[in-house]
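**Student:** The structure is given below, and queries will be raised subsequently.
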Amino acid sequence: MTHLQMPTPDASVLGRSQQIIKDLTALAGAEAVIADEEGRRTFETDGLTAYRCMPLAVVLPTTTEEVSRILKYCHREGIKVVARGAGTSLCGGALPVEDAVVVGVSRMNRVLEIDYDNRFIRVETGITNLGISGAVSAEGFFYAPDPSSQLACTLAGNLGMNSGGAHCLKYGVTTNNVLGLKVVLMDGEVIELGGGHLDAEGYDLMGLMIGSEGQFGIVTEATVRILKAAEGARPMLMGFGSSEAAGACVAGIIGAGIVPVAMEFMDKPAIEVCEAFAKAGYPLDVEALLIIEVEGSDDEISEMLGRIQAIAEPFGPTSILISQSAEQSAKIWKGRKSAFGAIGRISDYYCMDGTIPLSRLPDVLRRIGEICEGHGLKVANIFHAGDGNLHPLILYDANDPSSSERAELAGADILRLCVEVGGCLTGEHGVGVEKRDLMNDQFSATDLTVQIRVKTVFDPKWLLNPGKVFPLNDTQQAKDVA
Amino acid sequence: MRPAAGWELQNMLLPMIDRQMSVEIVGSGSKRAIGRPFQAAAQLTTAAMQGIWLYEPTELVMSAQAGTPLAQVEATLASNGQMLSFEPIDLGPTTGGPRGTQTIGSIFASNSSGSRRITAGAARDNLLGIEAVNGRAELFHAGGRVMKNVTGVDLCRGLAGSWGTLAVLTAVTFKVLPWPEAAATLVYFGLPDDIGTEVMCAAMRLPYEVSGAVHLSQALARRLEHEGLRRQGRSITALRIENFRSSIGYRSEALKDALKVYGDPAVLDTTDSLSFWGELRHLSVMPYNRDTCLWRISTAPTAGPKVVAAIKRHMPAEAYYDWSGGLIWVEVPASADAGASDIRRAVAVNGGHATLIRAEPEVRASVEVFQPQAPAVEKLMRGLKDAFDPYRVLNPGRMYASF
Ligand SMILES: Cc1cc2nc3c(=O)[nH]c(=O)nc-3n(C[C@H](O)[C@H](O)[C@H](O)COP(=O)(O)OP(=O)(O)OC[C@H]3O[C@@H](n4cnc5c(N)ncnc54)[C@H](O)[C@@H]3O)c2cc1C
Ligand SMILES: Cc1cc2nc3c(=O)[nH]c(=O)nc-3n(C[C@H](O)[C@H](O)[C@H](O)COP(=O)(O)OP(=O)(O)OC[C@H]3O[C@@H](n4cnc5c(N)ncnc54)[C@H](O)[C@@H]3O)c2cc1C
């Protein structure tokens, strides 16, 4: 990909690197500090592998107190800090900078308290997303936000990005499912927000913290809502001859007062690749596929699926398949959830994450096709149809610099298109470094200034996760003022 | 001041900023008696900023000017079989203000959510986008009109529940949902607070999507407008289920069966349920009364009865538990401090926080109306006030005396 501009490293910090590593070791213990070349290499990138940068050092603390000591030290010494969970960010959110210490919470992954009566679980944030559901599944409970990366990604990263997933149409995204946070601020101060109760007091600092992409503080513990799983769930597949018909069908379902727990859309190229991978029984002779899942008892599910079929009728589905077993359901979801991986097996891809109003889907898909064709590239589209979150996967060749560059240009054009039709740059992956320079396309200068002031309240010296989210010029100005 | 548009509001604020004069922000003014009393040189209402300018039922989204009456929003939604799922409550009547006049902007500014919050999220969870003017007279936007959006700092959450102290919302975009086809309410009579809470928590642990769980003390149940329930003359514990018609019968039976050790409940049908949950939306059981003060306590549901018992050791109290016990409206006799020190101690021991909703202005001026914060948290909140309203023009002192 093209060269990424990052803030100029602080020469005085780089010059002191040996001393800094010594100090960190004294603060957190030798086992927690990774300073050798090989060790640091593991942390040089995240899910957006096109960008890489070796950090000054990596620290993997095991307690909030250690995190606090490290941040207090870095604050005093003017050293930048990049928070990290599992490093699966797709926008370069966890990308290190040369003069920064990476603070990873992956070793802080304990379950601290489970309270079924009050329906919450308190955990250290290094726990994986799936690990939370795993801790409560024996009682039939689950943690609702389900990013496709849930096996690997941490709650810390989910909180950093306000992550979503296929089932967010019904259950909300991360911010809708969090009750309390323990946060270490850049100066080492530890604060607690919310708790086991339903709504936090005062200004919604928790709401500001969630989705702040590691720029406001490091979250070490969280209390999140757990829900009792429905009695059952069943997906159905519906194929359509055009994306117009599929989109209209989704609108028809919602218009009829039915909000299924998930409604996922795939276009032909995506269907082909996912079917080849998961053998889920996706129809191959269609232009668009919907996966619609409903929940409840067997009778409720049948009634609901019956109604959905009746609503779909006028839109002319060319094939309908209702899952008949838990095994089949698992396969259907496997195809969807491993879509990125499946596409990754046939080509390098660049995953976009805009959101659009549903009614614009056919138009947007047509224009995405044109944009990619214009750059000589192919594209596959996956869409959380219920909430408008669109993932065009641009196929390119990472070994061909021209192809990479064209993929990046096409990606930017697609995101601008999302904004133009009334949507936004990112629905769940975050801004990171990837969309930083497109922020001016979505926000006015004042909008950004207002956001930047909030960032400055939490991190007055701008030491946390530098070079992300805001265009570099704005960052520099804000720092000059602060 | 009655601006009809954001730019007009900006122009009206500028001279106030120049002269460092403060402004009281109101929608219809139904919640004026909530918060700390403060002196303002002028009043600014959003009432002239009206209109629904976007409504896409199939995308579950609506945008309205902040001064649009809630009643108009809900009527428009209802004509399409839709609703605000968080069923905002009306604090007007209980605080001596008017009933049914609320504006949509004020709902989000006060993060006002009713019983369905336990399954549908709070007002803040349903806010998708805003246009607002801060205390620097800057007009800005955040969020958008789409359901999923993580672009930039989440100012929608940041401004929800800030009671007009950071910015004046001029337009809001929010998520709407279809009305469920049918509802039923199971009502258990005569349970004490702790058992009532146990029933509610047990119900929430089942997979039947209970969308309302409330418990009213005997004295409060006798104040209900719903005649059938009032006439029982006993405490009530009510559980609401909502879904399509054929599912309601199944779910009520399943719930009844799972909770049978607590007795045989009465069952309200859809119409009856609507009227019962409807009256709770204006806190019918907590009518305005100068002889009493009203507190709103947020705690973990199982701690609710303990908090109330601890309060009762110091003063008489009547409690209405919502959100499965996690939200408690507590009425206590009027006194110089409205019972603040004892109530806050009871809450501190059990976790959570307390807000004084109704008391005479002198009382609200002398006690902390909103929960006092840890110093590091207060510093951040003050920082936010500085960022949005450095000249202390917007509702200064309404939430916290020092800013
Ligand atoms: C195959 C694949 C599929 C994906 N599918 C989805 C999906 O369906 N939905 C979705 O939303 N995302 C998805 N993602 C993106 C990614 O998984 C999420 O953004 C995830 O939340 C990142 O978690 P992480 O633990 O890897 O965090 P990281 O990548 O390590 O960090 C993410 C951000 O959080 C910050 N952060 C990390 N830890 C902390 C902390 N303790 N305190 C404060 N900030 C912190 C970081 O600085 C960074 O900005 C997918 C990624 C991949 C590779
Ligand atoms: C669309 C949607 C559908 C859902 N469906 C279901 C479902 O079917 N079943 C189910 O059981 N659950 C469901 N949930 C999840 C459930 O509602 C979440 O647990 C809920 O969003 C969390 O809300 P809460 O009221 O429990 O806590 P919240 O208080 O909403 O927790 C998050 C935070 O809200 C903020 N907040 C609230 N009020 C204030 C205030 N006055 N001032 C400052 N901050 C404040 C705080 O930061 C607070 O802690 C759904 C959620 C959403 C968004």
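Scheme for the structure tokens: letters A, B, ... for chains in order shown; per-chain residue numbers from 1; ligand numbers from 1 in order shown.
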Please write out the residues within 8 Å of ligand 2 as a PyMOL selection string, counting only C-alpha atoms and all ligand atoms.

**Tutor:** (chain A and resi 144+168-173+175-180+193-195+197-207+224-228) or (chain B and resi 110-112+117-126+157-158+160-162+204+209-211)

**Student:** Taking only C-alpha atoms into account, find every residue of chain A that has an atom no more than 7 Å from chain B, and write it out as an mmCIF file with C-alpha atoms, in the first residue's frame.

**Tutor:**
```cif
data_model
loop_
_atom_site.group_PDB
_atom_site.id
_atom_site.type_symbol
_atom_site.label_atom_id
_atom_site.label_comp_id
_atom_site.auth_asym_id
_atom_site.auth_seq_id
_atom_site.Cartn_x
_atom_site.Cartn_y
_atom_site.Cartn_z
ATOM 1 C CA ASP A 117 -29.527 -12.845 38.908
ATOM 2 C CA ASN A 118 -28.284 -9.427 37.909
ATOM 3 C CA ASN A 162 -17.211 -0.505 19.757
ATOM 4 C CA ASN A 176 -25.235 -1.181 24.283
ATOM 5 C CA ILE A 191 -11.210 5.385 37.443
ATOM 6 C CA GLY A 196 -23.495 -3.703 38.231
ATOM 7 C CA HIS A 197 -26.345 -1.222 37.950
ATOM 8 C CA LEU A 198 -28.125 -0.266 34.781
ATOM 9 C CA ASP A 199 -27.256 3.313 34.117
ATOM 10 C CA GLU A 201 -24.318 8.550 36.752
ATOM 11 C CA TYR A 203 -21.952 12.452 31.997
ATOM 12 C CA ASP A 204 -21.748 9.252 29.975
ATOM 13 C CA LEU A 205 -17.971 8.892 30.203
ATOM 14 C CA GLY A 207 -20.128 5.970 26.254
ATOM 15 C CA LEU A 208 -17.253 8.249 25.274
ATOM 16 C CA GLY A 211 -15.085 3.260 20.577
ATOM 17 C CA SER A 212 -12.320 5.716 21.474
ATOM 18 C CA LYS A 228 -30.255 -15.771 28.431
ATOM 19 C CA ALA A 229 -30.062 -17.448 25.053
ATOM 20 C CA ALA A 230 -33.313 -17.965 23.176
ATOM 21 C CA GLU A 231 -34.817 -21.447 23.286
ATOM 22 C CA ALA A 251 -37.252 -3.747 3.602
ATOM 23 C CA ILE A 254 -38.903 -4.925 8.488
ATOM 24 C CA GLY A 255 -41.828 -2.963 7.105
ATOM 25 C CA GLY A 257 -42.986 -5.424 11.719
ATOM 26 C CA GLU A 300 -42.377 -19.641 17.220
ATOM 27 C CA THR A 355 -22.618 1.851 6.365
ATOM 28 C CA ILE A 356 -25.398 2.910 3.988
ATOM 29 C CA PRO A 357 -29.151 3.376 4.186
ATOM 30 C CA LEU A 358 -30.688 0.080 3.087
ATOM 31 C CA ASP A 387 -28.394 -2.381 9.880
ATOM 32 C CA GLY A 388 -26.876 -1.212 6.624
ATOM 33 C CA ASN A 389 -23.271 -2.191 7.373
ATOM 34 C CA GLY A 423 -24.031 6.645 5.456
ATOM 35 C CA CYS A 424 -20.669 6.675 7.185
ATOM 36 C CA LEU A 425 -17.034 5.649 6.823
ATOM 37 C CA THR A 426 -17.073 2.828 9.318
ATOM 38 C CA GLY A 427 -19.832 0.756 10.869
ATOM 39 C CA GLU A 428 -17.763 -1.436 13.161
ATOM 40 C CA GLY A 430 -13.073 1.818 13.375
ATOM 41 C CA VAL A 431 -11.119 4.658 11.794
ATOM 42 C CA THR A 446 -16.100 22.153 13.523
ATOM 43 C CA ASP A 447 -17.378 18.603 14.002
ATOM 44 C CA GLN A 451 -14.289 15.651 18.912
ATOM 45 C CA ARG A 453 -11.433 18.716 22.345
ATOM 46 C CA VAL A 454 -12.980 15.657 23.968
ATOM 47 C CA VAL A 457 -9.850 16.138 27.989
ATOM 48 C CA PHE A 458 -8.940 12.466 28.392
ATOM 49 C CA VAL A 469 -8.580 8.609 13.982
#
```

**Student:** As a list in words, please: the residues near Ala336 in chain B (cut-off 12 Å, only C-alpha atoms, same-chain neighbours under 3 positions excluded).

**Tutor:** Asp291, Thr292, Cys293, Val332, Pro333, Gly339, Ala340, Ser341, Ala359, Glu360, Pro361, Glu362, Val363, Arg364, Ala365, Ser366 and Val367 of chain B

**Student:** I need the residues from that last selection saved to file as a CSV table (one decimal), in the first residue's frame (with N, CA, C and O atoms), if you can.

**Tutor:**
```csv
chain,number,residue,atom,x,y,z
B,291,ASP,N,-45.4,17.4,50.2
B,291,ASP,CA,-45.0,16.8,51.5
B,291,ASP,C,-44.0,15.7,51.4
B,291,ASP,O,-43.5,15.2,52.4
B,292,THR,N,-43.7,15.3,50.2
B,292,THR,CA,-42.7,14.2,50.0
B,292,THR,C,-41.7,14.6,49.0
B,292,THR,O,-41.9,15.5,48.2
B,293,CYS,N,-40.5,13.9,49.1
B,293,CYS,CA,-39.5,14.0,48.1
B,293,CYS,C,-39.4,12.7,47.3
B,293,CYS,O,-39.8,11.7,47.8
B,332,VAL,N,-40.0,9.7,50.0
B,332,VAL,CA,-39.8,9.8,51.4
B,332,VAL,C,-40.4,11.2,51.9
B,332,VAL,O,-40.6,12.1,51.1
B,333,PRO,N,-40.6,11.3,53.2
B,333,PRO,CA,-41.2,12.6,53.7
B,333,PRO,C,-40.2,13.8,53.4
B,333,PRO,O,-39.0,13.6,53.4
B,339,GLY,N,-33.5,13.6,53.1
B,339,GLY,CA,-33.0,12.3,53.5
B,339,GLY,C,-31.7,11.9,52.8
B,339,GLY,O,-31.2,10.8,52.8
B,340,ALA,N,-31.1,12.9,52.2
B,340,ALA,CA,-29.9,12.7,51.3
B,340,ALA,C,-28.8,11.8,51.9
B,340,ALA,O,-28.3,10.9,51.4
B,341,SER,N,-28.4,12.2,53.2
B,341,SER,CA,-27.2,11.6,53.7
B,341,SER,C,-27.5,10.1,54.0
B,341,SER,O,-26.7,9.2,53.7
B,359,ALA,N,-38.0,17.8,45.0
B,359,ALA,CA,-37.9,18.4,46.3
B,359,ALA,C,-38.0,19.9,46.1
B,359,ALA,O,-37.9,20.4,45.0
B,360,GLU,N,-38.3,20.6,47.2
B,360,GLU,CA,-38.5,22.1,47.1
B,360,GLU,C,-37.1,22.7,46.6
B,360,GLU,O,-36.1,22.1,46.9
B,361,PRO,N,-37.2,23.8,45.9
B,361,PRO,CA,-35.9,24.4,45.4
B,361,PRO,C,-34.9,24.6,46.5
B,361,PRO,O,-33.7,24.4,46.2
B,362,GLU,N,-35.2,25.0,47.7
B,362,GLU,CA,-34.2,25.3,48.7
B,362,GLU,C,-33.5,24.0,49.0
B,362,GLU,O,-32.3,24.0,49.2
B,363,VAL,N,-34.2,22.9,49.0
B,363,VAL,CA,-33.6,21.6,49.3
B,363,VAL,C,-32.6,21.2,48.2
B,363,VAL,O,-31.5,20.8,48.4
B,364,ARG,N,-33.1,21.4,46.9
B,364,ARG,CA,-32.3,21.0,45.8
B,364,ARG,C,-31.1,21.9,45.7
B,364,ARG,O,-30.0,21.5,45.1
B,365,ALA,N,-31.2,23.1,46.3
B,365,ALA,CA,-30.0,24.0,46.2
B,365,ALA,C,-29.0,23.6,47.3
B,365,ALA,O,-27.8,23.9,47.1
B,366,SER,N,-29.4,22.9,48.3
B,366,SER,CA,-28.5,22.6,49.4
B,366,SER,C,-27.9,21.2,49.4
B,366,SER,O,-26.9,20.9,50.0
B,367,VAL,N,-28.6,20.3,48.7
B,367,VAL,CA,-28.0,18.9,48.7
B,367,VAL,C,-27.5,18.6,47.3
B,367,VAL,O,-27.9,19.3,46.3
```

**Student:** Please identify all polymer residues within 12 Å of Ala398 in chain A, counting only C-alpha atoms, omitting same-chain residues fewer than 5 positions from it, and present them as a PyMOL selection string.

**Tutor:** chain A and resi 1-2+49-51+344+347-350+403-408

**Student:** Neighbours of Ser30 in chain B within 6 Å (only C-alpha atoms; same-chain residues fewer than 6 positions away dropped), as an mmCIF file with N, CA, C and O atoms, in the first residue's frame?

**Tutor:**
```
data_model
loop_
_atom_site.group_PDB
_atom_site.id
_atom_site.type_symbol
_atom_site.label_atom_id
_atom_site.label_comp_id
_atom_site.auth_asym_id
_atom_site.auth_seq_id
_atom_site.Cartn_x
_atom_site.Cartn_y
_atom_site.Cartn_z
ATOM 1 N N GLY B 92 -42.872 15.140 34.094
ATOM 2 C CA GLY B 92 -43.631 16.374 34.309
ATOM 3 C C GLY B 92 -44.583 16.274 35.494
ATOM 4 O O GLY B 92 -44.437 16.992 36.487
ATOM 5 N N GLY B 97 -44.934 19.672 37.061
ATOM 6 C CA GLY B 97 -44.976 20.314 35.750
ATOM 7 C C GLY B 97 -46.147 19.767 34.939
ATOM 8 O O GLY B 97 -46.944 18.970 35.431
ATOM 9 N N PRO B 98 -46.233 20.179 33.681
ATOM 10 C CA PRO B 98 -47.326 19.703 32.840
ATOM 11 C C PRO B 98 -47.112 18.256 32.419
ATOM 12 O O PRO B 98 -46.017 17.731 32.525
#
```

**Student:** Based on the backbone DSSP call, show me all residues of range 95-314 of chain B assigned alpha helix (DSSP H), as a VMD selection string.

**Tutor:** chain B and resid 104 to 109 117 to 120 123 to 126 155 to 159 193 to 204 218 to 221 227 to 232 245 to 258 270 to 280 304 to 312

**Student:** Which is closer to Asp459 in chain A than all the others in A:Ala445, A:Leu71, A:Val103, A:Leu185, using only C-alpha atoms?

**Tutor:**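 Of all the options, A:Leu185 lies closest to Asp459 in chain A.
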
**Student:** What is the distance, in Å and to one decimal place, between CA of Glu189 in chain A and CA of Glu44 in chain A?

**Tutor:** 27.9 Å

**Student:** Would you give me, as a VMD selection string, the residues in range 18-243 of chain A that DSSP reads as strand (DSSP E)?

**Tutor:** chain A and resid 33 to 34 57 to 59 80 to 84 100 to 104 111 to 115 120 to 124 141 to 142 178 to 184 190 to 194 218 to 225 227 to 228 233 to 240

**Student:** Just want the 12 Å neighbourhood of Tyr262 in chain B, counted on only C-alpha atoms, with same-chain residues fewer than 4 positions away dropped. Output as an NGL selection string.

**Tutor:** :B and (186-192 or 195-200 or 202-203 or 237 or 255-258)

**Student:** Can you list, as number ranges by chain, every protein, DNA or RNA residue that comes within 10 Å of Arg107 in chain A when you count only C-alpha atoms, leaving out same-chain residues fewer than 4 positions away?

**Tutor:** A: 32, 60-63, 85, 124-127

**Student:** Distance CA of His226 in chain B-CA of Gly96 in chain B, one decimal place?

**Tutor:**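 One can read the CA of His226 in chain B to CA of Gly96 in chain B distance as 21.7 Å.
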
**Student:** Have a look at A:Asp441, A:Glu213, A:Glu113, A:Glu272 and name the one nearest to ligand 1; count only C-alpha atoms and all ligand atoms.

**Tutor:**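 Of the candidates, the smallest distance to ligand 1 is held by A:Glu213.
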